[in-house]
Amino acid sequence: MSAHIIDGKKIAEEIRSEIKQEVSRLKSEQGIVPGLAFILVGENPASQVYVKMKGKACEEVGFFSITERLPADTSEQVLLEKVQLFNNDPTIHGLLVQLPLPPHINEQHIIEAIDPRKDVDGFHPMNVGRLVIGLETFRSCTPAGIQELLVRSGNDPSGKHVVVVGRSNIVGKPVANILLQKQKGANAIVTVAHTGAKDLTPYTKEADILIAATGKAEVITGAMLKKGVVVIDVGINRVEDPMSKQGYRIVGDVHFESASRVASAITPVPGGVGPMTIAMLLKNTLQAARKLVFER
Ligand code: GUN
């Protein structure tokens with residue numbers, strides 16, 4: 001038996017088309033056009049690609065978007081001033097400072113300078129804290145995308161044992177916190193495994209749903225999984241491949257071939273979690289424009 005492939009691209013397209021409809025309603029009924037600002041510092045090639053993709057996605061759903069490109073030697077002070085400008089701009093509902101930032105800038109200072117009501121990345125400590133205690137907030141885009149993928153693919157996490165491998169601030173910790181809430185689409189029993197474990201297998205073997213967010217290529221293999229597990233692979237890793245044109249290929253944190261023989265469902269890389277991240281960024285921006293956050 002081979003696993004069902006969870007099509008993140010298709011599910012993300014569904015969400016984007018729902019957002020597009022909401023945007024046209026918001027425009028015609030209330031005259032509001034959701035606005036998202038991006039700040040990109042330096043020339044990081046991956047960041048440039050991501051920001052371009054996000055800007056294009058905004059255009060497709062009818063958002064206004066603006067990208068402020070700053071040189072790599074921009075001072076922390078100048079960046080903080082730009083953040084303040086967008087914080088005070090009434091046409092901008094969401095503000096995203098693309099990470100990573102150059103090493104001379106303290107990322108945490110920048111994240112904390114963003115108005116929490118415009119923090120569509122969900123990185124501000126106020127939003128992280130609200131998430132932990134179950135209040136309305138901006139959920140970080142990749143973790144929220146994982147939850148949405150599970151629910152929309154018919155794998156509701158409620159009552160299931162979810163094992164998250166990885167404890168980063170942008171995926172592992174927030175996804176664990178989202179899925180353990182006593183809420184619809186969550187209510188899971190959550191274990192977080194990480195590099196502190198001598199052996200991951202005793203943990204991964206217990207998962208009904210496994211979320212791999214280790215940042216290491218193909219470290220989770222089929223032999224580490226329980227029959228019938230649902231596998232969500234968050235990894236995007238380059239591995240050398242002399243057979244390919246570019247000399248590399250993209251793989252996840254899960255060894256797809258062996259895992260798909262054991263799992264009942266699995267996300268591919270690419271085309272699984274990746275497209276969901278942008279869809280959730282749009283959803284958060286729409287929520288910001290509607291000013292739903294913090295009003296409950
Ligand atoms: N860099 C990689 N992923 C992200 C993200 O989701 N948000 C921001 N701001 N930077 C990133």
# chains A, B, ... in the order shown; residues from 1 in each chain; ligands from 1
call {"tool": "residues_around", "arguments": {"residues": "stretch 153-163 of chain A", "least_positions_apart": "4", "cutoff": "6 Å", "atoms": "only C-alpha atoms", "output": "VMD selection string"}}
result
chain A and resid 149 185 to 192 207 to 210
call {"tool": "write_last_selection", "arguments": {"atoms": "N, CA, C and O atoms", "output": "tab-separated table (two decimals), in the first residue's frame"}}
result
chain	number	residue	atom	x	y	z
A	149	LEU	N	-3.89	22.30	6.49
A	149	LEU	CA	-3.65	21.12	5.63
A	149	LEU	C	-4.25	19.88	6.25
A	149	LEU	O	-4.89	19.07	5.57
A	185	GLY	N	-10.37	21.85	15.16
A	185	GLY	CA	-9.20	21.71	14.29
A	185	GLY	C	-7.91	21.54	15.07
A	185	GLY	O	-6.82	21.57	14.49
A	186	ALA	N	-8.03	21.37	16.40
A	186	ALA	CA	-6.83	21.18	17.24
A	186	ALA	C	-7.12	20.04	18.22
A	186	ALA	O	-7.44	18.94	17.79
A	187	ASN	N	-6.98	20.31	19.54
A	187	ASN	CA	-7.35	19.32	20.56
A	187	ASN	C	-6.55	18.03	20.45
A	187	ASN	O	-7.06	16.94	20.73
A	188	ALA	N	-5.28	18.14	20.03
A	188	ALA	CA	-4.43	16.95	19.90
A	188	ALA	C	-3.64	16.71	21.18
A	188	ALA	O	-3.50	17.60	22.02
A	189	ILE	N	-3.14	15.49	21.32
A	189	ILE	CA	-2.18	15.17	22.38
A	189	ILE	C	-0.81	15.37	21.72
A	189	ILE	O	-0.50	14.71	20.73
A	190	VAL	N	-0.04	16.31	22.24
A	190	VAL	CA	1.16	16.74	21.50
A	190	VAL	C	2.45	16.38	22.23
A	190	VAL	O	2.59	16.65	23.43
A	191	THR	N	3.37	15.79	21.52
A	191	THR	CA	4.74	15.56	22.01
A	191	THR	C	5.68	16.37	21.13
A	191	THR	O	5.50	16.39	19.91
A	192	VAL	N	6.66	17.03	21.75
A	192	VAL	CA	7.69	17.73	20.95
A	192	VAL	C	9.02	17.02	21.19
A	192	VAL	O	9.54	17.01	22.30
A	207	ALA	N	3.68	8.26	16.89
A	207	ALA	CA	2.88	9.33	16.26
A	207	ALA	C	1.73	8.79	15.41
A	207	ALA	O	1.94	7.90	14.58
A	208	ASP	N	0.52	9.37	15.63
A	208	ASP	CA	-0.57	9.18	14.65
A	208	ASP	C	-0.36	10.20	13.53
A	208	ASP	O	-0.71	9.96	12.39
A	209	ILE	N	0.14	11.39	13.94
A	209	ILE	CA	0.47	12.44	12.98
A	209	ILE	C	1.89	12.89	13.29
A	209	ILE	O	2.18	13.24	14.44
A	210	LEU	N	2.78	12.82	12.32
A	210	LEU	CA	4.16	13.24	12.55
A	210	LEU	C	4.44	14.53	11.78
A	210	LEU	O	4.17	14.61	10.58
call {"tool": "residues_around", "arguments": {"residues": "A:Asn87", "least_positions_apart": "2", "cutoff": "8 Å", "atoms": "only C-alpha atoms", "output": "PyMOL selection string"}}
result
chain A and resi 83-85+89+92+95+114-115+118
call {"tool": "select_by_dssp", "arguments": {"residues": "stretch 54-291 of chain A", "states": "strand (DSSP E or B)", "output": "PyMOL selection string"}}
result
chain A and resi 64-70+94-97+161-165+189-193+209-212+220+230-233+237-240+248-251+254+265-266
call {"tool": "residues_near_ligand", "arguments": {"ligand": "ligand 1", "cutoff": "9 Å", "atoms": "only C-alpha atoms and all ligand atoms", "output": "list of chain:residue names"}}
result
A:Phe38, A:Ile39, A:Ala46, A:Ser47, A:Tyr50, A:Val51, A:Leu95, A:Leu96, A:Val97, A:Gln98, A:Leu99, A:Pro100, A:Leu101, A:Ile111, A:Val120, A:Asp121, A:Gly122, A:Phe123, A:Ser140, A:Cys141, A:Thr142, A:Ile170, A:Thr277, A:Ile278, A:Leu281
call {"tool": "residues_around", "arguments": {"residues": "A:His4", "least_positions_apart": "5", "cutoff": "12 Å", "atoms": "only C-alpha atoms", "output": "list in words"}}
result
Ser153, Gly154, Asn155, Gly228, Val229, Val230, Val231, Ile232, Ala259, Ser260, Arg261, Val262, Ala263, Ser264, Ala265, Ile266, Thr267 and Pro268 of chain A
call {"tool": "atom_distance", "arguments": {"atom1": "atom CA of A:Val273", "atom2": "atom CA of A:Ser258"}}
result
19.3 Å
call {"tool": "decode", "arguments": {"residues": "stretch 270-286 of chain A", "atoms": "all heavy atoms", "output": "PDB file, in the first residue's frame"}}
result
ATOM      1  N   PRO A 270       8.743  19.489  -3.145  1.00  0.00           N
ATOM      2  CA  PRO A 270       7.861  20.634  -2.870  1.00  0.00           C
ATOM      3  C   PRO A 270       6.376  20.294  -3.122  1.00  0.00           C
ATOM      4  O   PRO A 270       6.079  19.203  -3.585  1.00  0.00           O
ATOM      5  CB  PRO A 270       8.356  21.685  -3.863  1.00  0.00           C
ATOM      6  CG  PRO A 270       8.954  20.913  -4.995  1.00  0.00           C
ATOM      7  CD  PRO A 270       9.473  19.619  -4.425  1.00  0.00           C
ATOM      8  N   GLY A 271       5.505  21.242  -2.795  1.00  0.00           N
ATOM      9  CA  GLY A 271       4.082  21.067  -3.115  1.00  0.00           C
ATOM     10  C   GLY A 271       3.239  20.596  -1.944  1.00  0.00           C
ATOM     11  O   GLY A 271       2.085  20.220  -2.116  1.00  0.00           O
ATOM     12  N   GLY A 272       3.824  20.611  -0.739  1.00  0.00           N
ATOM     13  CA  GLY A 272       3.065  20.217   0.451  1.00  0.00           C
ATOM     14  C   GLY A 272       2.800  21.430   1.334  1.00  0.00           C
ATOM     15  O   GLY A 272       1.888  22.222   1.081  1.00  0.00           O
ATOM     16  N   VAL A 273       3.656  21.600   2.353  1.00  0.00           N
ATOM     17  CA  VAL A 273       3.473  22.698   3.310  1.00  0.00           C
ATOM     18  C   VAL A 273       3.802  24.063   2.681  1.00  0.00           C
ATOM     19  O   VAL A 273       3.142  25.064   2.986  1.00  0.00           O
ATOM     20  CB  VAL A 273       4.350  22.455   4.577  1.00  0.00           C
ATOM     21  CG1 VAL A 273       4.300  23.645   5.516  1.00  0.00           C
ATOM     22  CG2 VAL A 273       3.910  21.185   5.293  1.00  0.00           C
ATOM     23  N   GLY A 274       4.807  24.112   1.810  1.00  0.00           N
ATOM     24  CA  GLY A 274       5.297  25.381   1.238  1.00  0.00           C
ATOM     25  C   GLY A 274       4.198  26.310   0.736  1.00  0.00           C
ATOM     26  O   GLY A 274       4.107  27.460   1.191  1.00  0.00           O
ATOM     27  N   PRO A 275       3.351  25.844  -0.187  1.00  0.00           N
ATOM     28  CA  PRO A 275       2.321  26.750  -0.716  1.00  0.00           C
ATOM     29  C   PRO A 275       1.334  27.235   0.343  1.00  0.00           C
ATOM     30  O   PRO A 275       0.718  28.300   0.183  1.00  0.00           O
ATOM     31  CB  PRO A 275       1.579  25.882  -1.755  1.00  0.00           C
ATOM     32  CG  PRO A 275       2.483  24.736  -2.047  1.00  0.00           C
ATOM     33  CD  PRO A 275       3.341  24.529  -0.850  1.00  0.00           C
ATOM     34  N   MET A 276       1.193  26.466   1.424  1.00  0.00           N
ATOM     35  CA  MET A 276       0.246  26.841   2.475  1.00  0.00           C
ATOM     36  C   MET A 276       0.717  28.080   3.239  1.00  0.00           C
ATOM     37  O   MET A 276      -0.084  28.852   3.753  1.00  0.00           O
ATOM     38  CB  MET A 276       0.063  25.687   3.466  1.00  0.00           C
ATOM     39  CG  MET A 276      -0.588  24.465   2.870  1.00  0.00           C
ATOM     40  SD  MET A 276      -2.245  24.778   2.269  1.00  0.00           S
ATOM     41  CE  MET A 276      -3.133  25.031   3.801  1.00  0.00           C
ATOM     42  N   THR A 277       2.034  28.259   3.339  1.00  0.00           N
ATOM     43  CA  THR A 277       2.584  29.375   4.111  1.00  0.00           C
ATOM     44  C   THR A 277       2.106  30.707   3.532  1.00  0.00           C
ATOM     45  O   THR A 277       1.636  31.586   4.272  1.00  0.00           O
ATOM     46  CB  THR A 277       4.129  29.293   4.127  1.00  0.00           C
ATOM     47  OG1 THR A 277       4.498  28.076   4.769  1.00  0.00           O
ATOM     48  CG2 THR A 277       4.752  30.447   4.875  1.00  0.00           C
ATOM     49  N   ILE A 278       2.184  30.841   2.209  1.00  0.00           N
ATOM     50  CA  ILE A 278       1.756  32.098   1.579  1.00  0.00           C
ATOM     51  C   ILE A 278       0.240  32.264   1.705  1.00  0.00           C
ATOM     52  O   ILE A 278      -0.257  33.367   1.980  1.00  0.00           O
ATOM     53  CB  ILE A 278       2.211  32.162   0.103  1.00  0.00           C
ATOM     54  CG1 ILE A 278       3.748  32.202   0.061  1.00  0.00           C
ATOM     55  CG2 ILE A 278       1.615  33.382  -0.604  1.00  0.00           C
ATOM     56  CD1 ILE A 278       4.337  32.428  -1.308  1.00  0.00           C
ATOM     57  N   ALA A 279      -0.490  31.169   1.549  1.00  0.00           N
ATOM     58  CA  ALA A 279      -1.958  31.260   1.675  1.00  0.00           C
ATOM     59  C   ALA A 279      -2.342  31.788   3.063  1.00  0.00           C
ATOM     60  O   ALA A 279      -3.254  32.610   3.195  1.00  0.00           O
ATOM     61  CB  ALA A 279      -2.592  29.891   1.418  1.00  0.00           C
ATOM     62  N   MET A 280      -1.635  31.337   4.100  1.00  0.00           N
ATOM     63  CA  MET A 280      -1.967  31.776   5.456  1.00  0.00           C
ATOM     64  C   MET A 280      -1.525  33.216   5.716  1.00  0.00           C
ATOM     65  O   MET A 280      -2.160  33.929   6.495  1.00  0.00           O
ATOM     66  CB  MET A 280      -1.362  30.830   6.510  1.00  0.00           C
ATOM     67  CG  MET A 280      -1.821  29.402   6.408  1.00  0.00           C
ATOM     68  SD  MET A 280      -3.590  29.153   6.077  1.00  0.00           S
ATOM     69  CE  MET A 280      -4.298  29.588   7.625  1.00  0.00           C
ATOM     70  N   LEU A 281      -0.475  33.645   5.043  1.00  0.00           N
ATOM     71  CA  LEU A 281      -0.066  35.057   5.146  1.00  0.00           C
ATOM     72  C   LEU A 281      -1.186  35.951   4.599  1.00  0.00           C
ATOM     73  O   LEU A 281      -1.519  36.983   5.197  1.00  0.00           O
ATOM     74  CB  LEU A 281       1.234  35.280   4.358  1.00  0.00           C
ATOM     75  CG  LEU A 281       1.688  36.729   4.225  1.00  0.00           C
ATOM     76  CD1 LEU A 281       2.096  37.292   5.578  1.00  0.00           C
ATOM     77  CD2 LEU A 281       2.831  36.852   3.222  1.00  0.00           C
ATOM     78  N   LEU A 282      -1.779  35.534   3.492  1.00  0.00           N
ATOM     79  CA  LEU A 282      -2.888  36.301   2.911  1.00  0.00           C
ATOM     80  C   LEU A 282      -4.073  36.300   3.873  1.00  0.00           C
ATOM     81  O   LEU A 282      -4.718  37.323   4.095  1.00  0.00           O
ATOM     82  CB  LEU A 282      -3.293  35.701   1.561  1.00  0.00           C
ATOM     83  CG  LEU A 282      -2.215  35.684   0.471  1.00  0.00           C
ATOM     84  CD1 LEU A 282      -2.697  34.915  -0.755  1.00  0.00           C
ATOM     85  CD2 LEU A 282      -1.798  37.099   0.076  1.00  0.00           C
ATOM     86  N   LYS A 283      -4.323  35.130   4.478  1.00  0.00           N
ATOM     87  CA  LYS A 283      -5.460  35.011   5.400  1.00  0.00           C
ATOM     88  C   LYS A 283      -5.262  35.928   6.615  1.00  0.00           C
ATOM     89  O   LYS A 283      -6.186  36.617   7.049  1.00  0.00           O
ATOM     90  CB  LYS A 283      -5.579  33.540   5.846  1.00  0.00           C
ATOM     91  CG  LYS A 283      -6.950  33.179   6.305  1.00  0.00           C
ATOM     92  CD  LYS A 283      -7.146  31.689   6.390  1.00  0.00           C
ATOM     93  CE  LYS A 283      -8.523  31.436   6.989  1.00  0.00           C
ATOM     94  NZ  LYS A 283      -8.869  30.037   7.038  1.00  0.00           N
ATOM     95  N   ASN A 284      -4.032  35.954   7.142  1.00  0.00           N
ATOM     96  CA  ASN A 284      -3.739  36.827   8.284  1.00  0.00           C
ATOM     97  C   ASN A 284      -3.903  38.302   7.916  1.00  0.00           C
ATOM     98  O   ASN A 284      -4.399  39.104   8.716  1.00  0.00           O
ATOM     99  CB  ASN A 284      -2.309  36.586   8.784  1.00  0.00           C
ATOM    100  CG  ASN A 284      -2.197  35.333   9.643  1.00  0.00           C
ATOM    101  OD1 ASN A 284      -3.209  34.738  10.030  1.00  0.00           O
ATOM    102  ND2 ASN A 284      -0.979  34.923   9.948  1.00  0.00           N
ATOM    103  N   THR A 285      -3.494  38.656   6.699  1.00  0.00           N
ATOM    104  CA  THR A 285      -3.601  40.057   6.282  1.00  0.00           C
ATOM    105  C   THR A 285      -5.066  40.458   6.120  1.00  0.00           C
ATOM    106  O   THR A 285      -5.461  41.571   6.506  1.00  0.00           O
ATOM    107  CB  THR A 285      -2.812  40.283   4.976  1.00  0.00           C
ATOM    108  OG1 THR A 285      -1.469  39.832   5.185  1.00  0.00           O
ATOM    109  CG2 THR A 285      -2.784  41.744   4.577  1.00  0.00           C
ATOM    110  N   LEU A 286      -5.863  39.550   5.590  1.00  0.00           N
ATOM    111  CA  LEU A 286      -7.295  39.817   5.466  1.00  0.00           C
ATOM    112  C   LEU A 286      -7.917  40.025   6.852  1.00  0.00           C
ATOM    113  O   LEU A 286      -8.708  40.953   7.074  1.00  0.00           O
ATOM    114  CB  LEU A 286      -7.960  38.634   4.741  1.00  0.00           C
ATOM    115  CG  LEU A 286      -9.454  38.716   4.512  1.00  0.00           C
ATOM    116  CD1 LEU A 286      -9.799  39.894   3.604  1.00  0.00           C
ATOM    117  CD2 LEU A 286      -9.970  37.415   3.888  1.00  0.00           C
TER     118      LEU A 286
END
